[in-house]
file data_33.tsv (TSV, C-alpha atoms and all ligand atoms)
chain	number	residue	atom	x	y	z
A	245	MET	CA	13.75	-7.64	140.44
A	246	PRO	CA	14.87	-11.24	141.14
A	247	LYS	CA	18.39	-11.52	142.48
A	248	ILE	CA	20.55	-13.72	140.27
A	249	GLN	CA	22.83	-16.06	142.20
A	250	TYR	CA	26.55	-16.50	141.65
A	251	ARG	CA	28.48	-19.76	141.33
A	252	LYS	CA	32.17	-20.55	141.12
A	253	LEU	CA	33.65	-21.32	137.74
A	254	GLY	CA	35.15	-24.71	138.56
A	255	ASN	CA	38.23	-24.32	140.71
A	256	SER	CA	39.11	-20.88	139.30
A	257	ASP	CA	38.78	-17.72	141.41
A	258	ILE	CA	35.97	-16.43	139.15
A	259	LYS	CA	32.30	-16.21	140.14
A	260	VAL	CA	29.64	-16.10	137.45
A	261	THR	CA	25.89	-15.55	137.56
A	262	THR	CA	23.68	-18.56	136.94
A	263	LEU	CA	22.32	-16.78	133.87
A	264	ALA	CA	24.78	-15.61	131.23
A	265	LEU	CA	24.08	-13.59	128.11
A	266	GLY	CA	24.83	-15.46	124.86
A	267	THR	CA	25.72	-13.22	121.95
A	268	TRP	CA	25.79	-15.43	118.89
A	269	ALA	CA	22.93	-13.45	117.33
A	270	PHE	CA	24.93	-10.21	117.78
A	271	GLY	CA	27.06	-11.52	114.91
A	272	ALA	CA	24.20	-10.55	112.54
A	273	ASP	CA	25.05	-13.17	109.96
A	274	ARG	CA	23.12	-15.92	108.17
A	275	TRP	CA	22.99	-18.06	111.34
A	276	TRP	CA	20.55	-15.79	113.19
A	277	GLY	CA	19.76	-13.30	110.41
A	278	GLU	CA	19.43	-9.56	110.66
A	279	GLN	CA	20.31	-7.91	113.96
A	280	ARG	CA	20.85	-4.20	114.63
A	281	ASP	CA	23.97	-3.33	116.65
A	282	LEU	CA	21.95	-0.84	118.68
A	283	ASP	CA	19.59	-3.63	119.79
A	284	SER	CA	22.60	-5.78	120.69
A	285	GLN	CA	24.17	-3.02	122.76
A	286	ASN	CA	20.93	-2.24	124.56
A	287	THR	CA	20.42	-5.91	125.31
A	288	LEU	CA	23.90	-6.10	126.78
A	289	TYR	CA	23.33	-2.99	128.93
A	290	ARG	CA	19.97	-4.33	130.15
A	291	ALA	CA	21.51	-7.70	131.04
A	292	ILE	CA	24.13	-5.99	133.19
A	293	GLU	CA	21.51	-3.73	134.83
A	294	LEU	CA	19.48	-6.83	135.68
A	295	GLY	CA	22.46	-8.36	137.49
A	296	ILE	CA	23.96	-10.67	134.86
A	297	ASN	CA	27.77	-10.58	135.05
A	298	PHE	CA	28.66	-13.22	132.48
A	299	ILE	CA	28.87	-12.62	128.70
A	300	ASP	CA	29.70	-15.36	126.19
A	301	THR	CA	30.88	-14.66	122.66
A	302	ALA	CA	33.17	-16.12	119.97
A	303	PRO	CA	35.15	-14.81	117.00
A	304	ILE	CA	33.07	-16.90	114.59
A	305	TYR	CA	29.85	-15.07	115.61
A	306	GLY	CA	29.69	-12.75	112.62
A	307	ASN	CA	33.41	-13.19	111.89
A	308	GLY	CA	34.49	-10.85	114.67
A	309	HIS	CA	31.34	-8.72	114.70
A	310	SER	CA	29.82	-9.97	117.97
A	311	GLU	CA	33.12	-9.42	119.81
A	312	ALA	CA	33.54	-5.96	118.28
A	313	VAL	CA	30.01	-4.86	119.28
A	314	ILE	CA	30.61	-6.05	122.85
A	315	GLY	CA	34.04	-4.37	123.04
A	316	GLU	CA	32.61	-1.07	121.87
A	317	ALA	CA	29.58	-1.21	124.18
A	318	LEU	CA	31.61	-2.07	127.29
A	319	LYS	CA	34.14	0.67	126.59
A	320	LYS	CA	31.48	3.34	126.08
A	321	GLU	CA	29.87	2.76	129.44
A	322	LYS	CA	33.09	1.78	131.25
A	323	LEU	CA	31.54	-1.54	132.15
A	324	ARG	CA	34.46	-3.85	131.55
A	325	GLU	CA	35.21	-4.48	135.25
A	326	LYS	CA	31.60	-5.41	135.92
A	327	VAL	CA	31.59	-8.43	133.62
A	328	ILE	CA	33.21	-11.80	133.16
A	329	LEU	CA	33.99	-12.01	129.44
A	330	ALA	CA	34.16	-15.42	127.81
A	331	THR	CA	35.24	-16.00	124.24
A	332	LYS	CA	36.61	-18.88	122.20
A	333	ALA	CA	39.24	-20.06	119.74
A	334	GLY	CA	39.40	-22.77	117.12
A	335	LEU	CA	36.70	-21.97	114.58
A	336	ARG	CA	38.16	-19.83	111.84
A	337	TRP	CA	36.88	-18.51	108.52
A	338	LYS	CA	38.51	-18.29	105.10
A	339	ALA	CA	39.66	-14.79	104.13
A	340	SER	CA	38.76	-15.55	100.50
A	341	SER	CA	35.35	-17.01	101.40
A	342	PRO	CA	34.18	-15.69	104.80
A	343	GLU	CA	31.11	-17.97	104.90
A	344	GLU	CA	33.35	-21.03	104.98
A	345	SER	CA	34.63	-21.96	108.42
A	346	PHE	CA	37.13	-24.60	109.53
A	347	TYR	CA	38.59	-25.99	112.75
A	348	ASN	CA	42.05	-24.94	113.86
A	349	LEU	CA	43.30	-25.42	117.39
A	350	LYS	CA	47.00	-25.39	116.56
A	351	LYS	CA	49.25	-23.38	118.83
A	352	GLN	CA	50.11	-20.78	116.17
A	353	SER	CA	46.46	-20.19	115.31
A	354	ILE	CA	45.47	-19.80	118.98
A	355	LEU	CA	48.22	-17.22	119.49
A	356	GLU	CA	46.89	-15.21	116.55
A	357	GLU	CA	43.28	-15.57	117.63
A	358	VAL	CA	43.79	-14.47	121.22
A	359	ASP	CA	45.36	-11.21	120.13
A	360	ASP	CA	42.57	-10.58	117.62
A	361	SER	CA	39.95	-11.20	120.33
A	362	LEU	CA	41.70	-8.93	122.85
A	363	ARG	CA	41.79	-6.16	120.23
A	364	ARG	CA	38.13	-6.54	119.21
A	365	LEU	CA	36.96	-6.80	122.81
A	366	GLN	CA	39.13	-3.78	123.71
A	367	THR	CA	40.42	-5.48	126.83
A	368	GLU	CA	43.74	-6.51	128.35
A	369	VAL	CA	42.55	-9.89	129.56
A	370	ILE	CA	39.99	-12.54	128.61
A	371	ASP	CA	38.31	-13.98	131.71
A	372	LEU	CA	37.43	-17.36	130.19
A	373	TYR	CA	39.03	-18.64	126.98
A	374	GLN	CA	37.47	-21.76	125.47
A	375	ALA	CA	38.42	-24.21	122.73
A	376	HIS	CA	35.22	-23.94	120.65
A	377	PHE	CA	35.07	-27.41	119.04
A	378	PRO	CA	37.53	-30.32	119.03
A	379	ASP	CA	39.87	-30.06	116.05
A	380	PRO	CA	40.54	-33.58	114.70
A	381	SER	CA	43.72	-32.43	112.93
A	382	THR	CA	45.47	-31.09	116.06
A	383	PRO	CA	46.70	-33.16	119.01
A	384	ILE	CA	44.68	-32.12	122.08
A	385	GLY	CA	47.95	-31.76	124.03
A	386	GLU	CA	49.15	-29.02	121.66
A	387	THR	CA	45.93	-27.04	122.20
A	388	ALA	CA	45.93	-27.55	125.96
A	389	GLN	CA	49.57	-26.46	126.31
A	390	ALA	CA	48.97	-23.36	124.20
A	391	LEU	CA	45.98	-22.34	126.35
A	392	TYR	CA	47.87	-23.09	129.56
A	393	LYS	CA	50.74	-20.85	128.41
A	394	LEU	CA	48.26	-17.98	127.87
A	395	TYR	CA	46.90	-18.62	131.37
A	396	GLN	CA	50.36	-18.55	132.94
A	397	LYS	CA	51.15	-15.33	131.08
A	398	GLY	CA	47.93	-13.73	132.41
A	399	LYS	CA	46.29	-13.11	129.03
A	400	ILE	CA	43.40	-15.33	130.11
A	401	ARG	CA	42.07	-15.96	133.63
A	402	ALA	CA	40.45	-19.36	133.12
A	403	ILE	CA	40.51	-22.20	130.58
A	404	GLY	CA	37.49	-23.90	129.06
A	405	VAL	CA	36.49	-26.30	126.32
A	406	SER	CA	33.24	-26.60	124.41
A	407	ASN	CA	31.62	-29.59	122.69
A	408	PHE	CA	34.30	-31.94	124.07
A	409	SER	CA	33.66	-35.57	125.04
A	410	VAL	CA	34.85	-37.17	128.28
A	411	GLY	CA	37.80	-38.76	126.46
A	412	GLN	CA	38.81	-35.42	124.96
A	413	MET	CA	38.59	-33.68	128.35
A	414	ARG	CA	40.66	-36.43	129.98
A	415	GLU	CA	43.37	-35.97	127.35
A	416	PHE	CA	43.26	-32.16	127.74
A	417	MET	CA	43.69	-32.44	131.50
A	418	LYS	CA	46.98	-34.29	131.11
A	419	PHE	CA	48.47	-31.01	129.86
A	420	SER	CA	46.49	-28.17	131.43
A	421	ALA	CA	44.10	-27.03	134.09
A	422	LEU	CA	40.47	-27.16	132.90
A	423	HIS	CA	37.91	-24.87	134.54
A	424	SER	CA	34.81	-25.28	132.40
A	425	LEU	CA	32.93	-27.15	129.70
A	426	GLN	CA	30.35	-25.50	127.46
A	427	PRO	CA	27.99	-28.18	126.10
A	428	ARG	CA	24.51	-27.98	124.57
A	429	TYR	CA	21.92	-28.64	127.25
A	430	SER	CA	18.22	-27.97	127.70
A	431	MET	CA	14.99	-29.77	128.60
A	432	PHE	CA	14.93	-31.08	125.02
A	433	ARG	CA	18.66	-31.92	124.69
A	434	ARG	CA	19.91	-34.00	127.62
A	435	GLU	CA	22.67	-36.09	126.04
A	436	ILE	CA	25.34	-34.87	128.51
A	437	GLU	CA	23.51	-36.43	131.46
A	438	SER	CA	24.81	-39.98	130.94
A	439	GLU	CA	28.61	-39.49	130.98
A	440	ILE	CA	29.74	-35.88	130.53
A	441	LEU	CA	27.87	-34.34	133.47
A	442	PRO	CA	28.99	-36.96	136.03
A	443	PHE	CA	32.59	-36.53	134.80
A	444	CYS	CA	32.39	-32.73	135.25
A	445	ILE	CA	30.89	-33.10	138.74
A	446	GLU	CA	33.65	-35.53	139.72
A	447	ASN	CA	36.38	-33.23	138.39
A	448	ASN	CA	34.93	-29.89	139.54
A	449	ILE	CA	34.57	-28.60	135.98
A	450	ALA	CA	31.96	-25.86	135.61
A	451	VAL	CA	29.19	-26.72	133.15
A	452	LEU	CA	27.93	-23.77	131.11
A	453	ALA	CA	24.82	-24.87	129.18
A	454	TYR	CA	24.42	-23.38	125.71
A	455	SER	CA	21.15	-23.15	123.77
A	456	PRO	CA	19.17	-23.65	127.03
A	457	LEU	CA	16.01	-22.60	125.16
A	458	ASP	CA	16.83	-24.99	122.29
A	459	ASN	CA	17.18	-21.96	119.97
A	460	ALA	CA	13.85	-20.49	121.23
A	461	VAL	CA	11.88	-23.74	120.74
A	462	LEU	CA	11.42	-23.79	124.53
A	463	THR	CA	9.84	-20.36	124.59
A	464	GLY	CA	6.92	-22.18	122.94
A	465	LYS	CA	6.37	-19.25	120.57
A	466	PHE	CA	6.52	-21.36	117.40
A	467	PHE	CA	3.86	-23.70	118.78
A	468	PHE	CA	1.57	-20.87	119.74
A	469	GLY	CA	1.35	-18.87	116.52
A	470	GLN	CA	4.70	-17.27	115.75
A	471	LYS	CA	6.29	-18.06	112.39
A	472	ILE	CA	9.59	-19.94	112.43
A	473	PRO	CA	12.29	-17.55	111.14
A	474	GLN	CA	14.04	-18.50	107.91
A	475	ASP	CA	17.50	-18.43	109.47
A	476	LYS	CA	20.16	-21.15	109.39
A	477	VAL	CA	19.94	-22.00	113.12
A	478	ARG	CA	16.24	-22.81	113.01
A	479	SER	CA	16.49	-24.58	109.62
A	480	ILE	CA	18.83	-27.21	111.12
A	481	ASN	CA	17.04	-27.72	114.44
A	482	TYR	CA	15.33	-31.14	114.23
A	483	ASP	CA	12.95	-30.19	117.05
A	484	LEU	CA	11.10	-27.98	114.58
A	485	GLU	CA	10.75	-30.62	111.85
A	486	GLY	CA	7.60	-32.55	110.86
A	487	GLU	CA	6.40	-35.06	113.45
A	488	ASN	CA	8.93	-33.77	116.01
A	489	PHE	CA	7.23	-30.38	115.88
A	490	ARG	CA	3.90	-31.97	116.90
A	491	ILE	CA	5.50	-34.04	119.68
A	492	ASN	CA	7.33	-31.00	121.04
A	493	LYS	CA	4.17	-28.92	120.89
A	494	GLU	CA	2.35	-31.46	123.06
A	495	ALA	CA	5.20	-31.39	125.58
A	496	ALA	CA	5.32	-27.58	125.49
A	497	ILE	CA	1.59	-27.34	126.30
A	498	LYS	CA	2.05	-29.57	129.36
A	499	LEU	CA	5.21	-27.73	130.48
A	500	LYS	CA	3.47	-24.37	130.06
A	501	ALA	CA	0.78	-25.56	132.45
A	502	VAL	CA	3.49	-26.28	135.06
A	503	ALA	CA	5.00	-22.83	134.47
A	504	SER	CA	1.60	-21.15	134.94
A	505	LYS	CA	1.37	-22.59	138.47
A	506	TYR	CA	4.28	-20.27	139.32
A	507	LYS	CA	2.96	-17.41	137.13
A	508	LYS	CA	6.02	-17.95	134.96
A	509	SER	CA	6.48	-18.35	131.21
A	510	LEU	CA	7.64	-21.54	129.56
A	511	ALA	CA	11.04	-19.90	128.82
A	512	GLN	CA	11.44	-19.01	132.49
A	513	LEU	CA	10.58	-22.57	133.56
A	514	ALA	CA	13.02	-24.04	131.02
A	515	LEU	CA	15.89	-21.81	132.21
A	516	ASN	CA	15.14	-22.33	135.91
A	517	TRP	CA	15.14	-26.10	135.29
A	518	VAL	CA	18.59	-26.00	133.63
A	519	VAL	CA	20.15	-23.97	136.42
A	520	ALA	CA	18.59	-26.23	139.08
A	521	ARG	CA	20.12	-29.43	137.68
A	522	ARG	CA	22.94	-30.94	139.70
A	523	GLY	CA	26.33	-30.07	138.23
A	524	LEU	CA	25.08	-27.16	136.15
A	525	THR	CA	26.83	-23.82	136.72
A	526	CYS	CA	24.81	-21.57	134.44
A	527	ALA	CA	22.58	-21.25	131.41
A	528	ILE	CA	24.01	-19.17	128.57
A	529	VAL	CA	20.85	-17.78	127.06
A	530	GLY	CA	20.80	-15.83	123.83
A	531	ALA	CA	18.79	-12.62	123.54
A	532	ARG	CA	18.45	-10.07	120.77
A	533	ARG	CA	16.43	-7.38	122.50
A	534	PRO	CA	16.15	-6.00	126.06
A	535	ALA	CA	12.63	-7.44	126.47
A	536	GLN	CA	13.92	-10.97	125.91
A	537	ILE	CA	16.63	-10.73	128.56
A	538	GLU	CA	14.12	-9.13	130.94
A	539	GLU	CA	11.83	-12.11	130.56
A	540	ASN	CA	14.73	-14.55	130.84
A	541	THR	CA	16.02	-13.10	134.11
A	542	GLY	CA	12.59	-13.94	135.54
A	543	ALA	CA	13.97	-17.48	135.63
A	544	ALA	CA	15.97	-16.53	138.73
A	545	GLY	CA	14.86	-16.19	142.34
A	546	TRP	CA	12.36	-19.07	142.67
A	547	GLU	CA	12.33	-22.85	142.87
A	548	ILE	CA	10.42	-25.60	141.13
A	549	ALA	CA	8.83	-27.85	143.79
A	550	LYS	CA	9.83	-31.52	143.99
A	551	GLU	CA	6.48	-32.83	142.71
A	552	ASP	CA	6.62	-30.49	139.72
A	553	MET	CA	10.19	-31.61	138.98
A	554	GLU	CA	8.83	-35.18	138.89
A	555	ASN	CA	5.98	-34.13	136.65
A	556	ILE	CA	8.42	-32.36	134.29
A	557	GLU	CA	10.58	-35.50	134.27
A	558	SER	CA	7.68	-37.63	133.11
A	559	ILE	CA	6.65	-35.10	130.42
A	560	LEU	CA	10.22	-35.01	129.13
A	561	GLY	CA	10.63	-38.77	129.36
A	562	GLU	CA	7.48	-39.36	127.30
A	563	ARG	CA	8.67	-36.84	124.70
A	564	GLU	CA	12.14	-38.36	124.52
A	565	GLU	CA	10.71	-41.80	123.65
A	566	ARG	CA	8.80	-40.41	120.65
A	567	ILE	CA	11.23	-37.84	119.21
A	568	LYS	CA	13.20	-38.72	116.07
A	569	LYS	CA	16.86	-37.75	116.17
A	570	PRO	CA	19.00	-37.59	113.05
A	571	LEU	CA	21.64	-40.29	112.75
A	572	VAL	CA	25.08	-38.80	113.39
B	1	LIG	N1	29.84	-23.37	122.23
B	1	LIG	C1	29.04	-23.58	121.22
B	1	LIG	O1	29.30	-24.38	120.33
B	1	LIG	C2	27.74	-22.80	121.19
B	1	LIG	C3	26.72	-23.17	120.28
B	1	LIG	C4	25.53	-22.45	120.32
B	1	LIG	C5	25.38	-21.40	121.22
B	1	LIG	N2	26.39	-21.04	122.06
B	1	LIG	C6	26.27	-19.93	123.04
B	1	LIG	O2	25.05	-20.06	123.74
B	1	LIG	C7	24.24	-18.91	123.53
B	1	LIG	C8	22.78	-19.28	123.58
B	1	LIG	O3	22.44	-20.28	122.66
B	1	LIG	P1	21.50	-20.01	121.42
B	1	LIG	O4	21.53	-18.56	121.10
B	1	LIG	O5	21.87	-21.00	120.39
B	1	LIG	O6	20.07	-20.47	121.87
B	1	LIG	P2	19.01	-20.13	123.03
B	1	LIG	O7	19.65	-19.38	124.12
B	1	LIG	O8	18.40	-21.43	123.31
B	1	LIG	O9	17.97	-19.21	122.25
B	1	LIG	C9	18.21	-17.86	122.05
B	1	LIG	C10	17.23	-17.23	121.07
B	1	LIG	O10	15.89	-17.43	121.49
B	1	LIG	C11	15.11	-16.25	121.26
B	1	LIG	N3	14.72	-15.77	122.60
B	1	LIG	C12	15.49	-15.61	123.71
B	1	LIG	N4	14.76	-15.23	124.76
B	1	LIG	C13	13.49	-15.16	124.34
B	1	LIG	C14	12.27	-14.84	124.98
B	1	LIG	N5	12.23	-14.53	126.26
B	1	LIG	N6	11.14	-14.88	124.25
B	1	LIG	C15	11.18	-15.22	122.93
B	1	LIG	N7	12.30	-15.53	122.28
B	1	LIG	C16	13.45	-15.52	122.97
B	1	LIG	C17	16.03	-15.27	120.52
B	1	LIG	O11	15.95	-15.50	119.11
B	1	LIG	P3	14.70	-15.07	118.18
B	1	LIG	O12	14.17	-13.79	118.71
B	1	LIG	O13	15.29	-14.97	116.82
B	1	LIG	O14	13.73	-16.22	118.27
B	1	LIG	C18	17.40	-15.73	120.98
B	1	LIG	O15	18.42	-15.37	120.09
B	1	LIG	C19	24.75	-18.33	122.21
B	1	LIG	O16	24.39	-16.98	122.03
B	1	LIG	C20	26.22	-18.56	122.35
B	1	LIG	O17	26.79	-17.57	123.20
B	1	LIG	C21	27.56	-21.75	122.05

call {"tool": "encode", "arguments": {"input": "data_33.tsv", "output": "structure tokens", "more": "lines below"}}
Ligand SMILES: NC(=O)c1ccc[n+]([C@@H]2O[C@H](COP(=O)([O-])OP(=O)(O)OC[C@H]3O[C@@H](n4cnc5c(N)ncnc54)[C@H](OP(=O)(O)O)[C@@H]3O)[C@@H](O)[C@H]2O)c1
result
Amino acid sequence: MPKIQYRKLGNSDIKVTTLALGTWAFGADRWWGEQRDLDSQNTLYRAIELGINFIDTAPIYGNGHSEAVIGEALKKEKLREKVILATKAGLRWKASSPEESFYNLKKQSILEEVDDSLRRLQTEVIDLYQAHFPDPSTPIGETAQALYKLYQKGKIRAIGVSNFSVGQMREFMKFSALHSLQPRYSMFRREIESEILPFCIENNIAVLAYSPLDNAVLTGKFFFGQKIPQDKVRSINYDLEGENFRINKEAAIKLKAVASKYKKSLAQLALNWVVARRGLTCAIVGARRPAQIEENTGAAGWEIAKEDMENIESILGEREERIKKPLV
């Protein structure tokens, strides 16, 4: 079994494994479609057995369901002390219309959310608490001060943000310590490399990459015969659309050939690559079944040689020039 390495979470006293288990799909809602709680629990247990110590969730994943499944599973096997639990605040849902979500990072809302998360996770402390998305209607200082208060009180052990720009992080840091950023990052989504990643390196902010398999696109399975699921996540991923699909398939074939040199799968190559990038702390990879997390942990314990890194760079560069991104 490959040994998964640990890295420090910014300047906190927490150490996390370079592979973390993402649990969005445990929410079992329209985003990822049907998911049995038993499969979620077994995936979580297998991840811990394989040496992963870092679990990422959020209240919005199934409107509390992902957190509740994790809380129950950890309590049953008395595993709480073995894991670093990360959750989030700031994306809420309407009681009258649970499918409708909205941003709220006001102090009062955070105070309510943290207690709800502690209860669902059946824990006394949250190891990493993250502002999920910037909330345009709340001053960043209000959010940062609220999180810092929770940190001082010991309800949370580290403070993070997700989907924040450099400007937003700078503003946040005027009011609070900041230990981590959770941005989207994978071979196919490298936007953070120009400004965000250098800023995090300079300021010792841990970078926790989400969707490191680009929602399973980088397993290659949709290019090699498997049907694309009819869920919301895949329906909005532009890498699976029209001409982009063909361009990504060509890149995936070339990347798979690199992976084969190491007797590794494309998913394992894609995860290894993320974790090897300068400034990256870990890859938060989603899994719905034990077999998936078993394959994904095969990304640890080996290195991509320099000439293959260069080859990957040219494959990705060629792809990047051809891919069509939606206008934001
Ligand atoms: N902060 C944020 O805004 C944010 C946003 C997105 C995600 N996240 C976090 O990041 C985590 C990971 O991101 P993600 O779930 O979007 O995407 P991902 O990690 O890129 O992809 C995960 C999905 O790929 C499939 N998969 C995983 N391993 C596989 C394997 N070995 N072989 C075949 N298929 C495999 C599974 O779905 P199928 O079996 O259905 O294909 C799995 O749910 C989330 O769970 C969440 O914790 C955070």

call {"tool": "residues_around", "arguments": {"input": "data_33.tsv", "residues": "Glu564 of chain A", "least_positions_apart": "4", "cutoff": "12 Å", "atoms": "all atoms listed in the file", "output": "PyMOL selection string"}}
result
chain A and resi 431-435+483+488+491-492+495+557-560+568-569

call {"tool": "residues_near_ligand", "arguments": {"input": "data_33.tsv", "ligand": "ligand LIG 1 (chain B)", "cutoff": "7 Å", "atoms": "only C-alpha atoms and all ligand atoms", "output": "PyMOL selection string"}}
result
chain A and resi 265-269+276+300-301+376-377+406-407+426-428+454-460+463+465+473+511+528-532+536-537+539-540

call {"tool": "residues_around", "arguments": {"input": "data_33.tsv", "residues": "Ala302 of chain A", "least_positions_apart": "4", "cutoff": "8 Å", "atoms": "only C-alpha atoms", "output": "JSON, numbers by chain"}}
result
{"A": [268, 308, 310, 311, 330, 331, 332, 333]}

call {"tool": "residues_around", "arguments": {"input": "data_33.tsv", "residues": "segment 546-555 of chain A", "least_positions_apart": "2", "cutoff": "10 Å", "atoms": "all atoms listed in the file", "output": "count of residues only"}}
result
20

call {"tool": "atom_distance", "arguments": {"input": "data_33.tsv", "atom1": "atom CA of Asp379 of chain A", "atom2": "atom CA of Leu422 of chain A"}}
result
17.1 Å

call {"tool": "residues_around", "arguments": {"input": "data_33.tsv", "residues": "segment 359-368 of chain A", "least_positions_apart": "4", "cutoff": "8 Å", "atoms": "all atoms listed in the file", "output": "list of chain:residue names"}}
result
A:Pro303, A:Gly308, A:Glu311, A:Ala312, A:Ile314, A:Gly315, A:Glu316, A:Lys319, A:Arg324, A:Thr331, A:Leu355, A:Lys399

call {"tool": "atom_distance", "arguments": {"input": "data_33.tsv", "atom1": "atom CA of Ser420 of chain A", "atom2": "atom CA of Tyr347 of chain A"}}
result
20.4 Å

call {"tool": "residues_around", "arguments": {"input": "data_33.tsv", "residues": "Ala317 of chain A", "least_positions_apart": "5", "cutoff": "9 Å", "atoms": "all atoms listed in the file", "output": "MDAnalysis selection string"}}
result
chainID A and resid 285:286 288:289 312 322:323

call {"tool": "atom_distance", "arguments": {"input": "data_33.tsv", "atom1": "atom CA of Ala535 of chain A", "atom2": "atom CA of Ala514 of chain A"}}
result
17.2 Å

call {"tool": "closest_residue", "arguments": {"input": "data_33.tsv", "among": "A:Lys351, A:Leu515, A:Ile400, A:Tyr395", "to": "Pro383 of chain A", "atoms": "only C-alpha atoms"}}
result
A:Lys351

call {"tool": "build_atoms", "arguments": {"input": "data_33.tsv", "residues": "segment 343-355 of chain A", "atoms": "N, CA and C atoms", "output": "mmCIF file, in the coordinates of the input"}}
result
data_model
loop_
_atom_site.group_PDB
_atom_site.id
_atom_site.type_symbol
_atom_site.label_atom_id
_atom_site.label_comp_id
_atom_site.auth_asym_id
_atom_site.auth_seq_id
_atom_site.Cartn_x
_atom_site.Cartn_y
_atom_site.Cartn_z
ATOM 1 N N GLU A 343 32.197 -17.097 104.421
ATOM 2 C CA GLU A 343 31.110 -17.970 104.900
ATOM 3 C C GLU A 343 31.607 -19.383 105.193
ATOM 4 N N GLU A 344 32.808 -19.677 104.748
ATOM 5 C CA GLU A 344 33.350 -21.030 104.980
ATOM 6 C C GLU A 344 34.214 -21.038 106.229
ATOM 7 N N SER A 345 33.851 -21.904 107.171
ATOM 8 C CA SER A 345 34.630 -21.960 108.420
ATOM 9 C C SER A 345 35.359 -23.304 108.511
ATOM 10 N N PHE A 346 36.373 -23.354 109.343
ATOM 11 C CA PHE A 346 37.130 -24.600 109.530
ATOM 12 C C PHE A 346 37.716 -24.625 110.933
ATOM 13 N N TYR A 347 38.005 -25.847 111.412
ATOM 14 C CA TYR A 347 38.590 -25.990 112.750
ATOM 15 C C TYR A 347 40.082 -25.729 112.708
ATOM 16 N N ASN A 348 40.594 -25.043 113.700
ATOM 17 C CA ASN A 348 42.050 -24.940 113.860
ATOM 18 C C ASN A 348 42.361 -24.621 115.307
ATOM 19 N N LEU A 349 42.898 -25.621 115.993
ATOM 20 C CA LEU A 349 43.300 -25.420 117.390
ATOM 21 C C LEU A 349 44.809 -25.616 117.549
ATOM 22 N N LYS A 350 45.530 -25.310 116.459
ATOM 23 C CA LYS A 350 47.000 -25.390 116.560
ATOM 24 C C LYS A 350 47.500 -24.205 117.362
ATOM 25 N N LYS A 351 48.671 -24.410 117.972
ATOM 26 C CA LYS A 351 49.250 -23.380 118.830
ATOM 27 C C LYS A 351 49.341 -22.025 118.108
ATOM 28 N N GLN A 352 49.890 -22.035 116.896
ATOM 29 C CA GLN A 352 50.110 -20.780 116.170
ATOM 30 C C GLN A 352 48.796 -20.037 115.931
ATOM 31 N N SER A 353 47.769 -20.800 115.589
ATOM 32 C CA SER A 353 46.460 -20.190 115.310
ATOM 33 C C SER A 353 45.857 -19.591 116.585
ATOM 34 N N ILE A 354 46.005 -20.299 117.707
ATOM 35 C CA ILE A 354 45.470 -19.800 118.980
ATOM 36 C C ILE A 354 46.168 -18.487 119.360
ATOM 37 N N LEU A 355 47.473 -18.441 119.143
ATOM 38 C CA LEU A 355 48.220 -17.220 119.490
ATOM 39 C C LEU A 355 47.755 -16.026 118.657
#
